[in-house]
>>> print(open('input_20.pdb').read())   # PDB, C-alpha atoms and all ligand atoms
ATOM      1  CA  MET A   1      14.891 -27.606 -26.528
ATOM      2  CA  ALA A   2      16.631 -25.492 -29.145
ATOM      3  CA  LEU A   3      16.393 -21.803 -28.354
ATOM      4  CA  GLU A   4      14.759 -19.877 -31.127
ATOM      5  CA  PRO A   5      16.004 -16.288 -30.941
ATOM      6  CA  GLU A   6      12.752 -14.901 -32.263
ATOM      7  CA  ARG A   7      10.882 -16.313 -29.267
ATOM      8  CA  ILE A   8      12.393 -13.672 -27.033
ATOM      9  CA  LEU A   9      11.444 -10.890 -29.388
ATOM     10  CA  LEU A  10       8.557  -8.674 -28.456
ATOM     11  CA  ASP A  11       7.307  -8.113 -31.998
ATOM     12  CA  ASP A  12       3.666  -7.015 -32.101
ATOM     13  CA  ARG A  13       3.590  -6.611 -28.319
ATOM     14  CA  VAL A  14       2.208  -3.482 -26.706
ATOM     15  CA  ALA A  15       4.144  -2.545 -23.571
ATOM     16  CA  ILE A  16       3.287   0.085 -20.971
ATOM     17  CA  VAL A  17       6.319   1.299 -18.974
ATOM     18  CA  THR A  18       5.890   3.763 -16.105
ATOM     19  CA  GLY A  19       8.624   6.121 -14.965
ATOM     20  CA  ALA A  20      10.042   5.851 -18.467
ATOM     21  CA  ALA A  21      11.762   9.224 -18.847
ATOM     22  CA  ALA A  22      14.909   8.328 -16.901
ATOM     23  CA  GLY A  23      16.991   5.584 -15.324
ATOM     24  CA  ILE A  24      15.730   2.001 -15.293
ATOM     25  CA  GLY A  25      12.434   2.962 -16.956
ATOM     26  CA  ALA A  26      14.167   4.653 -19.893
ATOM     27  CA  ALA A  27      16.513   1.677 -20.337
ATOM     28  CA  THR A  28      13.476  -0.626 -20.268
ATOM     29  CA  ALA A  29      11.606   1.472 -22.824
ATOM     30  CA  ARG A  30      14.620   1.391 -25.143
ATOM     31  CA  ALA A  31      15.055  -2.368 -24.698
ATOM     32  CA  MET A  32      11.362  -3.101 -25.268
ATOM     33  CA  ALA A  33      11.407  -1.015 -28.453
ATOM     34  CA  ARG A  34      14.635  -2.651 -29.630
ATOM     35  CA  PHE A  35      12.978  -6.073 -29.279
ATOM     36  CA  GLY A  36      10.065  -4.903 -31.400
ATOM     37  CA  ALA A  37       7.373  -3.793 -28.939
ATOM     38  CA  ALA A  38       5.204  -0.737 -29.393
ATOM     39  CA  VAL A  39       5.811   1.233 -26.210
ATOM     40  CA  ALA A  40       3.330   3.310 -24.213
ATOM     41  CA  LEU A  41       5.425   5.418 -21.876
ATOM     42  CA  VAL A  42       4.315   7.214 -18.717
ATOM     43  CA  ASP A  43       6.183   9.854 -16.749
ATOM     44  CA  ARG A  44       5.456  13.125 -14.986
ATOM     45  CA  ASP A  45       8.613  14.597 -16.575
ATOM     46  CA  GLN A  46       7.179  15.927 -19.818
ATOM     47  CA  ALA A  47      10.454  17.155 -21.338
ATOM     48  CA  GLY A  48      12.333  13.933 -20.561
ATOM     49  CA  LEU A  49       9.530  11.768 -21.901
ATOM     50  CA  ARG A  50       9.211  13.776 -25.133
ATOM     51  CA  GLU A  51      12.968  13.555 -25.703
ATOM     52  CA  LEU A  52      12.984   9.769 -25.254
ATOM     53  CA  ALA A  53       9.875   9.309 -27.415
ATOM     54  CA  ALA A  54      11.417  11.363 -30.228
ATOM     55  CA  ALA A  55      14.636   9.304 -30.099
ATOM     56  CA  LEU A  56      12.713   6.004 -30.174
ATOM     57  CA  GLU A  57      10.469   7.174 -33.009
ATOM     58  CA  ALA A  58      13.549   8.265 -34.979
ATOM     59  CA  ASP A  59      14.748   4.642 -34.621
ATOM     60  CA  GLY A  60      11.445   3.376 -36.040
ATOM     61  CA  ALA A  61       9.578   2.503 -32.847
ATOM     62  CA  THR A  62       5.863   3.054 -32.310
ATOM     63  CA  VAL A  63       5.433   5.225 -29.219
ATOM     64  CA  GLU A  64       2.520   6.537 -27.165
ATOM     65  CA  THR A  65       3.122   8.866 -24.234
ATOM     66  CA  GLY A  66       1.204   9.829 -21.125
ATOM     67  CA  VAL A  67       2.436  12.771 -19.064
ATOM     68  CA  PHE A  68       0.951  12.380 -15.604
ATOM     69  CA  ASP A  69       1.711  11.337 -12.054
ATOM     70  CA  VAL A  70       1.011   7.634 -11.502
ATOM     71  CA  ARG A  71      -0.546   8.556  -8.125
ATOM     72  CA  ASP A  72      -3.395  10.193 -10.051
ATOM     73  CA  GLU A  73      -5.808   7.255 -10.461
ATOM     74  CA  PRO A  74      -8.214   8.899 -12.968
ATOM     75  CA  GLU A  75      -5.217   9.665 -15.231
ATOM     76  CA  VAL A  76      -4.011   6.066 -14.845
ATOM     77  CA  VAL A  77      -7.420   4.692 -15.871
ATOM     78  CA  ALA A  78      -7.716   7.115 -18.808
ATOM     79  CA  PHE A  79      -4.262   6.135 -20.087
ATOM     80  CA  GLY A  80      -4.993   2.389 -19.873
ATOM     81  CA  THR A  81      -8.167   2.960 -21.890
ATOM     82  CA  ALA A  82      -6.406   5.194 -24.442
ATOM     83  CA  VAL A  83      -3.624   2.633 -25.036
ATOM     84  CA  ALA A  84      -6.138  -0.198 -25.413
ATOM     85  CA  GLU A  85      -8.214   1.882 -27.847
ATOM     86  CA  ARG A  86      -5.181   2.748 -29.974
ATOM     87  CA  PHE A  87      -3.570  -0.723 -30.061
ATOM     88  CA  GLY A  88      -6.511  -3.025 -29.308
ATOM     89  CA  ARG A  89      -4.880  -4.563 -26.239
ATOM     90  CA  VAL A  90      -2.007  -4.391 -23.735
ATOM     91  CA  ASP A  91       0.504  -7.273 -23.589
ATOM     92  CA  ILE A  92       3.044  -5.999 -21.057
ATOM     93  CA  LEU A  93       2.845  -3.715 -18.026
ATOM     94  CA  VAL A  94       6.055  -2.627 -16.295
ATOM     95  CA  ASN A  95       5.375  -0.864 -12.989
ATOM     96  CA  ASN A  96       8.680   0.955 -12.598
ATOM     97  CA  ALA A  97       7.826   4.474 -11.389
ATOM     98  CA  GLY A  98       8.784   4.878  -7.760
ATOM     99  CA  GLY A  99      11.393   6.162  -5.387
ATOM    100  CA  GLY A 100      12.078   7.314  -1.868
ATOM    101  CA  PHE A 101      13.793   9.853   0.303
ATOM    102  CA  LYS A 102      16.226   9.215   3.130
ATOM    103  CA  ALA A 103      14.688   9.733   6.565
ATOM    104  CA  ASP A 104      14.487   7.605   9.680
ATOM    105  CA  LEU A 105      10.989   6.449  10.565
ATOM    106  CA  LEU A 106      10.818   8.777  13.569
ATOM    107  CA  GLU A 107      11.619  11.732  11.289
ATOM    108  CA  THR A 108       8.919  10.831   8.766
ATOM    109  CA  ASN A 109       5.528  12.442   9.300
ATOM    110  CA  ALA A 110       2.181  11.106   8.138
ATOM    111  CA  LYS A 111       2.247  13.218   4.983
ATOM    112  CA  GLY A 112       5.674  11.925   3.933
ATOM    113  CA  GLN A 113       4.624   8.367   4.701
ATOM    114  CA  ASP A 114       1.456   8.736   2.635
ATOM    115  CA  ALA A 115       3.491  10.083  -0.311
ATOM    116  CA  LEU A 116       5.797   7.045  -0.172
ATOM    117  CA  ILE A 117       2.879   4.626   0.020
ATOM    118  CA  ARG A 118       1.048   6.241  -2.894
ATOM    119  CA  GLU A 119       4.192   6.490  -5.012
ATOM    120  CA  ASN A 120       5.470   2.947  -4.454
ATOM    121  CA  PHE A 121       2.366   0.877  -3.754
ATOM    122  CA  THR A 122      -1.003   2.500  -4.495
ATOM    123  CA  SER A 123       0.159   3.537  -7.974
ATOM    124  CA  VAL A 124       1.011  -0.097  -8.724
ATOM    125  CA  THR A 125      -2.397  -1.450  -7.731
ATOM    126  CA  ALA A 126      -4.099   1.395  -9.629
ATOM    127  CA  MET A 127      -2.125   0.641 -12.787
ATOM    128  CA  ILE A 128      -2.878  -3.075 -12.515
ATOM    129  CA  ARG A 129      -6.610  -2.465 -12.043
ATOM    130  CA  ALA A 130      -6.614  -0.104 -15.019
ATOM    131  CA  VAL A 131      -4.618  -2.287 -17.409
ATOM    132  CA  VAL A 132      -5.461  -5.948 -16.683
ATOM    133  CA  PRO A 133      -8.968  -5.659 -18.231
ATOM    134  CA  HIS A 134      -7.167  -4.946 -21.537
ATOM    135  CA  MET A 135      -4.815  -7.945 -21.179
ATOM    136  CA  HIS A 136      -5.294 -11.474 -22.515
ATOM    137  CA  ALA A 137      -3.742 -14.950 -22.233
ATOM    138  CA  GLY A 138       0.028 -14.580 -22.664
ATOM    139  CA  SER A 139       0.260 -11.063 -21.208
ATOM    140  CA  ALA A 140       2.779 -10.249 -18.468
ATOM    141  CA  ILE A 141       3.223  -7.787 -15.621
ATOM    142  CA  VAL A 142       6.685  -6.942 -14.244
ATOM    143  CA  ASN A 143       6.941  -4.934 -11.034
ATOM    144  CA  VAL A 144      10.189  -3.191 -10.113
ATOM    145  CA  THR A 145      10.850  -3.761  -6.415
ATOM    146  CA  SER A 146      14.289  -3.547  -4.786
ATOM    147  CA  ILE A 147      16.857  -5.493  -2.800
ATOM    148  CA  GLU A 148      15.392  -3.417   0.081
ATOM    149  CA  ALA A 149      12.261  -5.593  -0.139
ATOM    150  CA  HIS A 150      14.395  -8.509   1.048
ATOM    151  CA  ARG A 151      16.645  -7.003   3.715
ATOM    152  CA  ALA A 152      16.572  -4.130   6.214
ATOM    153  CA  ALA A 153      16.471  -0.644   4.736
ATOM    154  CA  PRO A 154      17.717   1.745   7.443
ATOM    155  CA  GLY A 155      16.718   5.296   6.568
ATOM    156  CA  TYR A 156      14.297   3.936   3.962
ATOM    157  CA  ALA A 157      12.026   1.840   6.186
ATOM    158  CA  ILE A 158       8.724   2.815   4.562
ATOM    159  CA  TYR A 159      10.148   2.610   1.043
ATOM    160  CA  GLY A 160      11.470  -0.884   1.866
ATOM    161  CA  ALA A 161       8.154  -1.893   3.376
ATOM    162  CA  MET A 162       6.315  -0.742   0.240
ATOM    163  CA  LYS A 163       8.707  -2.665  -2.006
ATOM    164  CA  SER A 164       8.056  -5.728   0.214
ATOM    165  CA  ALA A 165       4.352  -5.061  -0.218
ATOM    166  CA  VAL A 166       4.734  -5.054  -3.995
ATOM    167  CA  ALA A 167       6.718  -8.311  -3.823
ATOM    168  CA  SER A 168       3.885  -9.862  -1.801
ATOM    169  CA  LEU A 169       1.250  -8.408  -4.135
ATOM    170  CA  THR A 170       3.133  -9.943  -7.064
ATOM    171  CA  LYS A 171       2.774 -13.436  -5.587
ATOM    172  CA  SER A 172      -0.921 -13.035  -4.775
ATOM    173  CA  LEU A 173      -1.669 -11.565  -8.184
ATOM    174  CA  ALA A 174       0.245 -14.378  -9.892
ATOM    175  CA  LEU A 175      -2.271 -16.771  -8.354
ATOM    176  CA  GLU A 176      -5.285 -14.589  -9.099
ATOM    177  CA  LEU A 177      -4.302 -14.057 -12.755
ATOM    178  CA  GLY A 178      -2.689 -17.461 -13.376
ATOM    179  CA  PRO A 179      -5.916 -19.086 -14.587
ATOM    180  CA  ARG A 180      -6.200 -16.282 -17.155
ATOM    181  CA  GLN A 181      -2.611 -17.074 -18.259
ATOM    182  CA  ILE A 182      -1.361 -13.634 -17.256
ATOM    183  CA  ARG A 183       2.043 -13.845 -15.557
ATOM    184  CA  VAL A 184       3.182 -11.513 -12.752
ATOM    185  CA  ASN A 185       6.800 -11.197 -11.628
ATOM    186  CA  CYS A 186       9.274  -8.754 -10.023
ATOM    187  CA  VAL A 187      12.792  -7.628 -10.584
ATOM    188  CA  ALA A 188      14.689  -6.600  -7.457
ATOM    189  CA  PRO A 189      17.684  -4.416  -8.299
ATOM    190  CA  ASP A 190      20.481  -3.440  -5.954
ATOM    191  CA  VAL A 191      21.864   0.089  -6.249
ATOM    192  CA  ILE A 192      21.966   1.097  -9.903
ATOM    193  CA  PRO A 193      23.396   4.444 -11.016
ATOM    194  CA  THR A 194      20.445   6.538 -12.263
ATOM    195  CA  PRO A 195      19.466  10.208 -12.049
ATOM    196  CA  GLY A 196      17.329   9.327  -9.022
ATOM    197  CA  ILE A 197      20.045   7.544  -7.053
ATOM    198  CA  GLY A 198      23.145   9.350  -8.314
ATOM    199  CA  MET A 199      25.849   8.091 -10.624
ATOM    200  CA  GLU A 200      28.806   7.610  -8.243
ATOM    201  CA  ILE A 201      28.406   4.242  -6.517
ATOM    202  CA  ALA A 202      31.084   2.100  -4.888
ATOM    203  CA  VAL A 203      31.317  -1.489  -6.116
ATOM    204  CA  LYS A 204      30.810  -3.975  -3.274
ATOM    205  CA  THR A 205      29.035  -6.774  -5.111
ATOM    206  CA  PRO A 206      30.425 -10.284  -5.692
ATOM    207  CA  LEU A 207      30.325  -9.518  -9.410
ATOM    208  CA  PRO A 208      33.088  -6.907  -9.516
ATOM    209  CA  ARG A 209      31.377  -4.202 -11.519
ATOM    210  CA  ARG A 210      28.592  -1.670 -11.160
ATOM    211  CA  GLY A 211      25.121  -2.806 -12.155
ATOM    212  CA  GLN A 212      23.584  -0.713 -14.903
ATOM    213  CA  ALA A 213      20.038   0.243 -15.817
ATOM    214  CA  ASP A 214      20.455  -1.929 -18.929
ATOM    215  CA  ASP A 215      21.069  -4.966 -16.681
ATOM    216  CA  VAL A 216      17.694  -4.422 -15.044
ATOM    217  CA  ALA A 217      16.020  -3.727 -18.397
ATOM    218  CA  ALA A 218      17.323  -7.050 -19.773
ATOM    219  CA  ALA A 219      15.799  -8.932 -16.814
ATOM    220  CA  ILE A 220      12.493  -7.122 -17.323
ATOM    221  CA  VAL A 221      12.458  -7.980 -21.039
ATOM    222  CA  PHE A 222      13.097 -11.638 -20.183
ATOM    223  CA  LEU A 223      10.235 -11.766 -17.668
ATOM    224  CA  ALA A 224       7.916  -9.968 -20.094
ATOM    225  CA  SER A 225       8.728 -12.314 -22.977
ATOM    226  CA  ASP A 226       7.549 -15.833 -23.853
ATOM    227  CA  MET A 227      11.005 -17.058 -22.772
ATOM    228  CA  ALA A 228       9.643 -16.763 -19.222
ATOM    229  CA  GLY A 229       6.367 -18.447 -20.206
ATOM    230  CA  PHE A 230       6.285 -20.731 -17.122
ATOM    231  CA  VAL A 231       7.619 -18.138 -14.666
ATOM    232  CA  THR A 232       5.114 -16.393 -12.455
ATOM    233  CA  GLY A 233       5.082 -15.148  -8.877
ATOM    234  CA  SER A 234       8.889 -14.906  -8.950
ATOM    235  CA  THR A 235      11.470 -12.299  -8.107
ATOM    236  CA  LEU A 236      14.538 -12.004 -10.307
ATOM    237  CA  HIS A 237      17.328 -10.398  -8.253
ATOM    238  CA  VAL A 238      19.471  -8.099 -10.377
ATOM    239  CA  ASP A 239      22.056  -7.305  -7.753
ATOM    240  CA  GLY A 240      25.438  -8.744  -8.724
ATOM    241  CA  GLY A 241      24.984 -11.411  -6.038
ATOM    242  CA  ASN A 242      24.542  -8.954  -3.157
ATOM    243  CA  LEU A 243      21.475 -10.532  -1.567
ATOM    244  CA  ALA A 244      23.085 -13.976  -1.703
ATOM    245  CA  ALA A 245      26.222 -12.484  -0.117
ATOM    246  CA  SER A 246      24.166 -11.264   2.865
ATOM    247  CA  GLY A 247      26.819 -10.132   5.388
ATOM    248  CA  TRP A 248      29.789 -11.218   3.252
ATOM    249  CA  ARG A 249      31.901  -8.496   1.625
ATOM    250  CA  ARG A 250      34.495  -8.905  -1.071
ATOM    251  CA  GLY A 251      37.900  -7.864   0.313
ATOM    252  CA  PRO A 252      41.447  -7.968  -1.037
ATOM    253  CA  ASP A 253      41.986 -11.473   0.447
ATOM    254  CA  GLY A 254      38.607 -12.961  -0.436
ATOM    255  CA  TYR A 255      35.318 -12.711   1.380
ATOM    256  CA  GLU A 256      35.028 -11.305   4.896
ATOM    257  CA  THR A 257      32.127 -10.874   7.278
TER     258      THR A 257
HETATM  259  N1  LIG A 301      18.366   2.988  -9.063
HETATM  260  C1  LIG A 301      18.414   2.128  -8.057
HETATM  261  O1  LIG A 301      19.450   1.963  -7.375
HETATM  262  C2  LIG A 301      17.214   1.284  -7.705
HETATM  263  C3  LIG A 301      17.407   0.154  -6.897
HETATM  264  C4  LIG A 301      16.305  -0.637  -6.567
HETATM  265  C5  LIG A 301      15.060  -0.295  -7.049
HETATM  266  N2  LIG A 301      14.886   0.803  -7.827
HETATM  267  C6  LIG A 301      13.540   1.120  -8.299
HETATM  268  O2  LIG A 301      13.584   1.228  -9.702
HETATM  269  C7  LIG A 301      12.601   2.163 -10.143
HETATM  270  C8  LIG A 301      13.251   3.219 -11.017
HETATM  271  O3  LIG A 301      14.289   3.820 -10.284
HETATM  272  P1  LIG A 301      15.352   4.805 -10.959
HETATM  273  O4  LIG A 301      16.547   4.792 -10.081
HETATM  274  O5  LIG A 301      15.485   4.479 -12.413
HETATM  275  O6  LIG A 301      14.620   6.205 -10.756
HETATM  276  P2  LIG A 301      14.879   7.649 -11.389
HETATM  277  O7  LIG A 301      14.492   8.615 -10.328
HETATM  278  O8  LIG A 301      16.236   7.731 -11.994
HETATM  279  O9  LIG A 301      13.791   7.695 -12.544
HETATM  280  C9  LIG A 301      12.443   7.504 -12.206
HETATM  281  C10 LIG A 301      11.563   8.056 -13.300
HETATM  282  O10 LIG A 301      10.220   7.837 -12.864
HETATM  283  C11 LIG A 301       9.519   9.049 -12.868
HETATM  284  N3  LIG A 301       8.572   9.029 -11.767
HETATM  285  C12 LIG A 301       8.867   8.853 -10.454
HETATM  286  N4  LIG A 301       7.744   8.930  -9.727
HETATM  287  C13 LIG A 301       6.725   9.152 -10.598
HETATM  288  C14 LIG A 301       5.331   9.330 -10.449
HETATM  289  N5  LIG A 301       4.765   9.313  -9.233
HETATM  290  N6  LIG A 301       4.577   9.520 -11.549
HETATM  291  C15 LIG A 301       5.150   9.577 -12.776
HETATM  292  N7  LIG A 301       6.472   9.425 -12.975
HETATM  293  C16 LIG A 301       7.250   9.217 -11.899
HETATM  294  C17 LIG A 301      10.563  10.146 -12.725
HETATM  295  O11 LIG A 301      10.108  11.373 -13.275
HETATM  296  C18 LIG A 301      11.744   9.558 -13.493
HETATM  297  O12 LIG A 301      11.684   9.864 -14.857
HETATM  298  C19 LIG A 301      11.949   2.718  -8.866
HETATM  299  O13 LIG A 301      10.764   1.991  -8.593
HETATM  300  C20 LIG A 301      12.995   2.447  -7.800
HETATM  301  O14 LIG A 301      12.427   2.327  -6.520
HETATM  302  C21 LIG A 301      15.945   1.608  -8.167
END
>>> encode(input="input_20.pdb", output="structure tokens")
Amino acid sequence: MALEPERILLDDRVAIVTGAAAGIGAATARAMARFGAAVALVDRDQAGLRELAAALEADGATVETGVFDVRDEPEVVAFGTAVAERFGRVDILVNNAGGGFKADLLETNAKGQDALIRENFTSVTAMIRAVVPHMHAGSAIVNVTSIEAHRAAPGYAIYGAMKSAVASLTKSLALELGPRQIRVNCVAPDVIPTPGIGMEIAVKTPLPRRGQADDVAAAIVFLASDMAGFVTGSTLHVDGGNLAASGWRRGPDGYET
């Protein structure tokens, strides 16, 4: 099959991206807009979101913004409705907002645990419930999980468990929404320099360079586009080969365990 470049474009698509003011979310918002989508961007960081929206609009993009915390379900529902009313539908939902803090399980109290669960899991199900009624055949959901969903996450046990939960949810939802021709997939990044994670990161991956937010954004655009039209329930690992490497580490004389 000849590849038609325009088939990967997101012209006329309406894409919601959460956590869009910084890091992977901002890179995704820029990529979606560059490929022609109207972008509806959510973040609790009002100043960061306004700055990004202004830059995208200056480049000719159509932008809607919602300044709220994705843990606030009434705000999530109101935003889904507002986007659907403005654009008539939603084609793409990227559940990217999330994060964690370093603490061993025995140091994490119930309040901290609840915050992690609401930030990384409950917000995702709330967004999906709010947005899917405005989707149609051909729409796509991309959830941002992590390499920590697929290996141990010492110091981030609850965060890792919630990312695993989202990976599992992705598979179940792919089956539930498959008959409606709505696809559901994940990207699972390894450490990517962002404001949330820090910018100084040692390179230990088989691919001998640092991953960038744009690498993750490109994978998200692929999964959201018709190029991935028969891909659902999958995880695309954007990790420079780190999960495949498992215990292997690149050393001066080749790989070592
Ligand atoms: N950077 C990495 O190394 C890495 C690796 C694997 C997975 N991830 C995942 O990728 C996603 C983005 O990570 P990042 O490193 O770009 O983060 P970041 O902290 O650099 O940016 C996250 C953005 O989301 C917003 N946000 C966070 N929680 C929110 C909430 N509850 N409501 C509204 N907005 C919220 C923040 O204000 C910020 O603008 C997260 O889900 C994270 O778990 C990141």
>>> closest_residue(input="input_20.pdb", among="A:Arg209, A:Arg44, A:His150, A:Lys163", to="ligand LIG 301 (chain A)", atoms="all atoms listed in the file")
A:Arg44
>>> residues_around(input="input_20.pdb", residues="A:Ala61", least_positions_apart="5", cutoff="10 Å", atoms="all atoms listed in the file", output="list of chain:residue names")
A:Arg30, A:Met32, A:Ala33, A:Arg34, A:Phe35, A:Gly36, A:Ala37, A:Ala38, A:Val39, A:Ala53, A:Ala54, A:Ala55, A:Leu56
>>> write_last_selection(input="input_20.pdb", atoms="C-alpha atoms", output="tab-separated table (two decimals), in the frame of the given file")
chain	number	residue	atom	x	y	z
A	30	ARG	CA	14.62	1.39	-25.14
A	32	MET	CA	11.36	-3.10	-25.27
A	33	ALA	CA	11.41	-1.01	-28.45
A	34	ARG	CA	14.64	-2.65	-29.63
A	35	PHE	CA	12.98	-6.07	-29.28
A	36	GLY	CA	10.06	-4.90	-31.40
A	37	ALA	CA	7.37	-3.79	-28.94
A	38	ALA	CA	5.20	-0.74	-29.39
A	39	VAL	CA	5.81	1.23	-26.21
A	53	ALA	CA	9.88	9.31	-27.42
A	54	ALA	CA	11.42	11.36	-30.23
A	55	ALA	CA	14.64	9.30	-30.10
A	56	LEU	CA	12.71	6.00	-30.17
>>> residues_around(input="input_20.pdb", residues="stretch 86-96 of chain A", least_positions_apart="4", cutoff="7 Å", atoms="only C-alpha atoms", output="JSON, numbers by chain")
{"A": [13, 14, 15, 16, 17, 18, 19, 25, 82, 124, 134, 135, 139, 140, 141, 142, 143, 144, 224]}
>>> residues_near_ligand(input="input_20.pdb", ligand="ligand LIG 301 (chain A)", cutoff="6 Å", atoms="all atoms listed in the file", output="PyMOL selection string")
chain A and resi 19-25+43-45+68-71+96-99+119+144-146+189-197
>>> atom_distance(input="input_20.pdb", atom1="atom CA of A:Gly198", atom2="atom CA of A:Arg151")
21.3 Å
>>> closest_residue(input="input_20.pdb", among="A:Leu207, A:Ala213, A:Gly60, A:Ala152", to="A:Gly247", atoms="all atoms listed in the file")
A:Ala152
>>> closest_residue(input="input_20.pdb", among="A:Ile128, A:Glu64, A:Leu9, A:Val184", to="A:Ala31", atoms="only C-alpha atoms")
A:Leu9
>>> atom_distance(input="input_20.pdb", atom1="atom CA of A:Arg183", atom2="atom CA of A:His237")
17.3 Å
>>> closest_residue(input="input_20.pdb", among="A:Ala245, A:Thr65, A:Val187, A:Ala130", to="A:Ala29", atoms="all atoms listed in the file")
A:Thr65
>>> closest_residue(input="input_20.pdb", among="A:Ala126, A:Ala103, A:Glu176, A:Gln46", to="A:Phe79", atoms="all atoms listed in the file")
A:Ala126
>>> closest_residue(input="input_20.pdb", among="A:Val238, A:Ala110, A:Ala115, A:Ile220", to="A:Thr205", atoms="all atoms listed in the file")
A:Val238
>>> atom_distance(input="input_20.pdb", atom1="atom CA of A:Pro74", atom2="atom CA of A:Arg129")
11.5 Å
>>> resolve_selection(input="input_20.pdb", expression="the PyMOL selection byres (((chain A and resi 171) around 8) and not hetatm)", output="list in words")
Ala167, Ser168, Leu169, Thr170, Ser172, Leu173, Ala174, Leu175, Val184, Asn185, Thr232, Gly233 and Ser234 of chain A
>>> write_last_selection(input="input_20.pdb", atoms="C-alpha atoms", output="PDB file, in the frame of the given file")
ATOM      1  CA  ALA A 167       6.718  -8.311  -3.823  1.00  0.00           C
ATOM      2  CA  SER A 168       3.885  -9.862  -1.801  1.00  0.00           C
ATOM      3  CA  LEU A 169       1.250  -8.408  -4.135  1.00  0.00           C
ATOM      4  CA  THR A 170       3.133  -9.943  -7.064  1.00  0.00           C
ATOM      5  CA  SER A 172      -0.921 -13.035  -4.775  1.00  0.00           C
ATOM      6  CA  LEU A 173      -1.669 -11.565  -8.184  1.00  0.00           C
ATOM      7  CA  ALA A 174       0.245 -14.378  -9.892  1.00  0.00           C
ATOM      8  CA  LEU A 175      -2.271 -16.771  -8.354  1.00  0.00           C
ATOM      9  CA  VAL A 184       3.182 -11.513 -12.752  1.00  0.00           C
ATOM     10  CA  ASN A 185       6.800 -11.197 -11.628  1.00  0.00           C
ATOM     11  CA  THR A 232       5.114 -16.393 -12.455  1.00  0.00           C
ATOM     12  CA  GLY A 233       5.082 -15.148  -8.877  1.00  0.00           C
ATOM     13  CA  SER A 234       8.889 -14.906  -8.950  1.00  0.00           C
TER      14      SER A 234
END
>>> decode(input="input_20.pdb", residues="stretch 184-199 of chain A", atoms="N, CA and C atoms", output="PDB file, in the first residue's frame")
ATOM      1  N   VAL A 184      -8.544   2.790  21.326  1.00  0.00           N
ATOM      2  CA  VAL A 184      -7.988   3.201  22.624  1.00  0.00           C
ATOM      3  C   VAL A 184      -6.598   2.576  22.769  1.00  0.00           C
ATOM      4  N   ASN A 185      -5.597   3.403  22.922  1.00  0.00           N
ATOM      5  CA  ASN A 185      -4.218   2.923  23.031  1.00  0.00           C
ATOM      6  C   ASN A 185      -3.459   3.725  24.085  1.00  0.00           C
ATOM      7  N   CYS A 186      -2.223   3.238  24.383  1.00  0.00           N
ATOM      8  CA  CYS A 186      -1.336   3.933  25.340  1.00  0.00           C
ATOM      9  C   CYS A 186      -0.002   4.221  24.687  1.00  0.00           C
ATOM     10  N   VAL A 187       0.660   5.236  25.172  1.00  0.00           N
ATOM     11  CA  VAL A 187       2.109   5.339  24.996  1.00  0.00           C
ATOM     12  C   VAL A 187       2.736   5.174  26.370  1.00  0.00           C
ATOM     13  N   ALA A 188       3.884   4.504  26.402  1.00  0.00           N
ATOM     14  CA  ALA A 188       4.579   4.264  27.674  1.00  0.00           C
ATOM     15  C   ALA A 188       6.007   4.806  27.570  1.00  0.00           C
ATOM     16  N   PRO A 189       6.193   6.072  27.965  1.00  0.00           N
ATOM     17  CA  PRO A 189       7.540   6.641  27.874  1.00  0.00           C
ATOM     18  C   PRO A 189       8.445   6.158  29.000  1.00  0.00           C
ATOM     19  N   ASP A 190       9.753   6.126  28.705  1.00  0.00           N
ATOM     20  CA  ASP A 190      10.758   6.064  29.767  1.00  0.00           C
ATOM     21  C   ASP A 190      11.033   7.506  30.177  1.00  0.00           C
ATOM     22  N   VAL A 191      12.044   7.711  30.998  1.00  0.00           N
ATOM     23  CA  VAL A 191      12.325   9.056  31.511  1.00  0.00           C
ATOM     24  C   VAL A 191      12.561  10.035  30.351  1.00  0.00           C
ATOM     25  N   ILE A 192      11.810  11.111  30.383  1.00  0.00           N
ATOM     26  CA  ILE A 192      11.877  12.144  29.356  1.00  0.00           C
ATOM     27  C   ILE A 192      12.137  13.467  30.079  1.00  0.00           C
ATOM     28  N   PRO A 193      13.124  14.236  29.670  1.00  0.00           N
ATOM     29  CA  PRO A 193      13.338  15.513  30.358  1.00  0.00           C
ATOM     30  C   PRO A 193      12.150  16.461  30.161  1.00  0.00           C
ATOM     31  N   THR A 194      11.515  16.838  31.259  1.00  0.00           N
ATOM     32  CA  THR A 194      10.380  17.770  31.252  1.00  0.00           C
ATOM     33  C   THR A 194      10.483  18.597  32.533  1.00  0.00           C
ATOM     34  N   PRO A 195       9.710  19.677  32.638  1.00  0.00           N
ATOM     35  CA  PRO A 195       9.722  20.430  33.891  1.00  0.00           C
ATOM     36  C   PRO A 195       9.382  19.546  35.092  1.00  0.00           C
ATOM     37  N   GLY A 196       8.493  18.571  34.900  1.00  0.00           N
ATOM     38  CA  GLY A 196       8.072  17.731  36.013  1.00  0.00           C
ATOM     39  C   GLY A 196       9.161  16.788  36.488  1.00  0.00           C
ATOM     40  N   ILE A 197       9.985  16.298  35.572  1.00  0.00           N
ATOM     41  CA  ILE A 197      10.946  15.248  35.904  1.00  0.00           C
ATOM     42  C   ILE A 197      12.346  15.826  36.080  1.00  0.00           C
ATOM     43  N   GLY A 198      12.577  17.004  35.546  1.00  0.00           N
ATOM     44  CA  GLY A 198      13.910  17.602  35.530  1.00  0.00           C
ATOM     45  C   GLY A 198      14.520  17.433  34.147  1.00  0.00           C
ATOM     46  N   MET A 199      15.543  18.203  33.863  1.00  0.00           N
ATOM     47  CA  MET A 199      16.083  18.218  32.508  1.00  0.00           C
ATOM     48  C   MET A 199      17.422  17.479  32.394  1.00  0.00           C
TER      49      MET A 199
END
